[in-house]
Amino acid sequence: MKKIGLNELRRRYLEFFEGKEHLVVPSFSLVPENDPSILLINAGMTPLKPYFTGAKKPPSVRMATCQKCIRTIDIDNVGITDRHGSFFEMLGNFSFGDYFKKEAIAWAWEFFTRTLEIPENLLSVSVYLEDDEAYDIWNKEVGLDTGKIFRLGKEDNFWEHGTGPCGPCSEIFFDRGVEKGCGSETCAPGCECDRFIEVWNLVFTQFDRQENGEYLPLAMKNIDTGMGLERLACVMQGVDNLFVVDTIKRILDKVCELAGIEYKSDPRKDISIRLITDHVRSTVMMVSDGIIPSNEGRGYVLRRLLRRAARHGKLLGIKGSFLIDLAGVVIEESGEAYPELASNCEYIEKVISIEEERFQSTIDQGLNILENIMDEIKVSGKDTIPGEQIFRLHDTFGFPFELTEEIALENSLKTDKAGFASEMTKQREMARNAQKADEGSSAWGSDDEELFDDITATIFTGYDQLTDDATVLKFVVKGDFAEIALDKTPFYAESGGQVGDIGKITGSGGFEMSVEECIKTHHGVFVHKGRIISGNINNSDKVECEVDRKTRMATQRNHTATHILHYALKEVLGSHVAQAGSFVGPERMRFDFNHFTAMTPDEVKATEKLVNERILEDGTVDVRTMTIDEAREKGATALFGEKYGKTVRVVTTGDFSMELCGGTHLEHASSAGLFVIVSESGVAAGVRRIEALTGEKAYEYIAEKRMLLSEVAEEVKSMESEVPARVDRLQKDLKAARKEIELLRKKAATGSVSGIFDNPVDINGTKVIVSEVEGADMGALRSMCDAAREKFNDCVVVLASGGEKVSLAAAATKNAVAKGVHAGKIIGEAAKITGGGGGGRPDMAQAGGKDSDKIEEALERARNLIMEALK
């Protein structure tokens with residue numbers, strides 16, 4: 001059987017089905033498109049689910065793909081065995097109501113026996129126990145002997161996942177030879193031994209399973225096949241596992257080269273070699289698809305894989321960062337099939353390099369601490385690492401829980417996962433509380449929401465109007481403060497990062513309430529909170545609601561601007577940018593997003609410019625309500641982890657932004673006015689934050705900056721346009737002046753030396769100088785000490801200077817040190833008397849103090865210590 005490389009197998013498969021009138025499409029991204037239910041694409045058919053369910057119309061009724069997939073369910077076994085991997089490629093051909101079993105089976109057989117020229121005697125198949133149709137096709141049309149067709153039960157040959165489309169399947173097996181078998185006479189496909197390897201699974205989706213367990217025929221029958229490319233390569237190259245497949249082995253060989261070791265020479269090192277080889281493949285593919293390391297979601301999966309690989313590199317003795325060297329091999333081996341790897345090469349290497357360097361900077365210290373923790377646990381006779389200590393490693397040194405767990409297992413220890421989870425919960429709670437404090441506090445506690453759980457949800461009318469009549473359903477009064485729930489309201493309740501509206505509610509009998517906050521309970525009740533200005537309120541009263549128009553408009557400017565900013569960041573930084581949080585109020589807006597490094601000034605400038613360009617284009621802000629499936633089909637951006645109902649609001653700005661959003665927005669982008677970025681900063685690893693202003697606040701900010709510039713220009717006596725050059729000149733002049741002053745100080749210190757050093761005390765041949773120097777700073781004192789050591793071959797000098805604070809310096813020549821003098825100890829004792837502290841080397845030391853009145857006493861202490869040392 002002719003050996004065929006992995007890249008060639010992929011090419012032949014796709015070309016074969018292209019010849020069968022299939023539309024061959026590139027691999028979909030590992031990031032699910034508008035599907036918050038999963039972190040990463042983990043099967044070939046997953047991106048095609050909307051076509052199978054009918055939610056979207058496929059571009060062709062016949063399709064074929066080679067899909068990148070990530071599975072982390074067996075991540076703990078990667079490396080330990082040579083069968084597990086986190087990244088793999090899945091070949092698949094699909095039919096959406098077009099061909100069915102006859103063609104799927106015939107083409108599979110043709111591809112194996114004619115295109116790949118696999119001997120027929122090495123192939124056998126399985127079919128579902130009750131699927132006579134598939135059995136007959138294999139036997140009567142393909143011509144496969146009945147001894148090569150095996151009927152298996154539902155567990156092996158029937159695909160279903162809860163209710164919905166499902167059906168029987170047929171698997172094709174490759175016989176690896178008797179020597180790989182278990183020796184049993186009944187050994188056949190389905191046996192647990194290594195002889196018969198399942199290579200291709202053909203799923204015949206023909207039933208619709210009901211809630212009651214009944215299987216009804218599908219009106220439109222589908223074909224869904226899947227074949228692991230790496231497993232097929234193992235078969236075609238005659239190797240036992242994926243790590244010795246041609247393209248993957250080149251990565252493995254590079255790992256060995258960097259580590260200076262040979263594969264299969266040490267079982268423990270082999271684990272690390274395989275793990276790194278697998279994880280770097282996953283890392284490169286994930287980064288290429290816009291995922292960046294973080295502590296949440298798919299970003300956490302990436303961080304875990306990358307840091308796990310980095311740690312195993314250290315176990316192999318690889319010094320420093322090395323993953324980008326391996327990334328280059330991955331890109332080289334897979335770049336032809338995935339051209340985005342080559343085009344994103346610089347970006348991929350930058351993300352990996354930054355994350356690895358961050359981990360390298362803390363891993364040694366973290367590992368030392370973990371080693372100490374484990375030693376203490378073993379000595380104490382315990383067997384579990386406490387959750388609090390695991391959390392510290394995670395929070396301070398960037399150790400994913402699973403990394404600590406892995407190292408603990410290597411040392412026969414357990415981990416307190418519940419305790420770690422508790423510490424993580426505490427941290428998140430503290431972060432939430434801090435955020436609430438940052439965004440303003442309320443006069444009411446959240447527990448008050450429970451008071452409104454017994455009434456119906458509020459109807460919100462504020463998308464289209466700012467005033468409305470309503471009926472009071474329930475109220476709570478606390479002194480001058482009140483909380484009121486109405487049957488309907490134009491007041492927007494705080495949610496989705498947007499603050500609640502303010503305004504007023506008025507009623508009969510002179511009732512007036514200033515609404516200062518509006519929140520929404522878990523049951524959908526809008527609670528209006530504020531101060532009673534006059535009158536009284538009762539249940540069932542009719543009231544008039546009026547939202548403050550100016551404040552709402554300012555909030556809408558900022559909210560629409562966040563959508564435009566999200567678009568602009570993707571354009572400037574890349575498609576990996578995704579919203580990670582936001583705050584939208586009338587005064588300002590804050591936008592958190594995933595990005596691996598700080599934005600450069602040019603990137604901030606380009607982003608701000610693009611947002612303002614889109615505002616000036618005056619695109620219409622179109623808001624429509626539709627089903628979640630319709631929104632996804634249109635390509636609307638959904639936030640990962642956000643829960644959406646069946647019906648959603650889609651906000652489209654111009655022709656460049658489409659997001660699912662429940663907030664209030666402008667009607668035209670130009671109403672945002674001016675957009676100004678105030679700051680760009682980091683809030684967490686892999687998460688950046690932009691704070692910005694729009695409209696009136698943006699104008700005020702610019703006006704303030706102009707005033708400040710005018711004042712600076714006046715102060716430095718320059719035209720405003722020439723301020724930068726003028727300030728630069730002044731800074732250079734100041735630097736030159738400081739340098740000149742320092743030279744003068746040194747000269748003055750040198751001039752003072754002769755007076756101080758004229759009459760040194762001689763103790764057993766060592767010149768001793770202890771003196772106070774007026775007006776000298778620490779630099780001058782050190783210069784004098786150096787001058788003394790140059791003047792005398794054997795001396796000790798202690799100098800002090802007073803003022804607002806005390807400065808002390810001491811020095812000793814080599815001869816004096818040899819006699820027992822220690823400048824650091826002497827200066828430390830002297831400094832204590834002045835209320836300070838310090839120290840240093842035996843030959844040079846310095847210290848500071850607080851009480852200038854104690855200088856003479858401190859110097860006397862220094863004299864005594866010197867005399868004791870020189871006796």
# chains A, B, ... in the order shown; residues from 1 in each chain; ligands from 1
$ residues_around --residues "range 230-244 of chain A" --least-positions-apart "5" --cutoff "6 Å" --atoms "only C-alpha atoms" --output "number ranges by chain"
A: 3-4, 6, 249
$ residues_around --residues "Gly686 in chain A" --least-positions-apart "6" --cutoff "7 Å" --atoms "only C-alpha atoms" --output "JSON, numbers by chain"
{"A": [292, 293, 294, 594, 595, 596, 597]}
$ closest_residue --among "A:Ile276, A:Leu403, A:Ile223, A:Val472" --to "Ser86 in chain A" --atoms "only C-alpha atoms"
A:Ile276
$ closest_residue --among "A:Asn157, A:Gln427, A:Gln67, A:Thr467" --to "Met285 in chain A" --atoms "only C-alpha atoms"
A:Gln67
$ select_by_dssp --residues "range 158-233 of chain A" --states "strand (DSSP E)" --output "PyMOL selection string"
chain A and resi 158-159+164-175+196-209+215-228
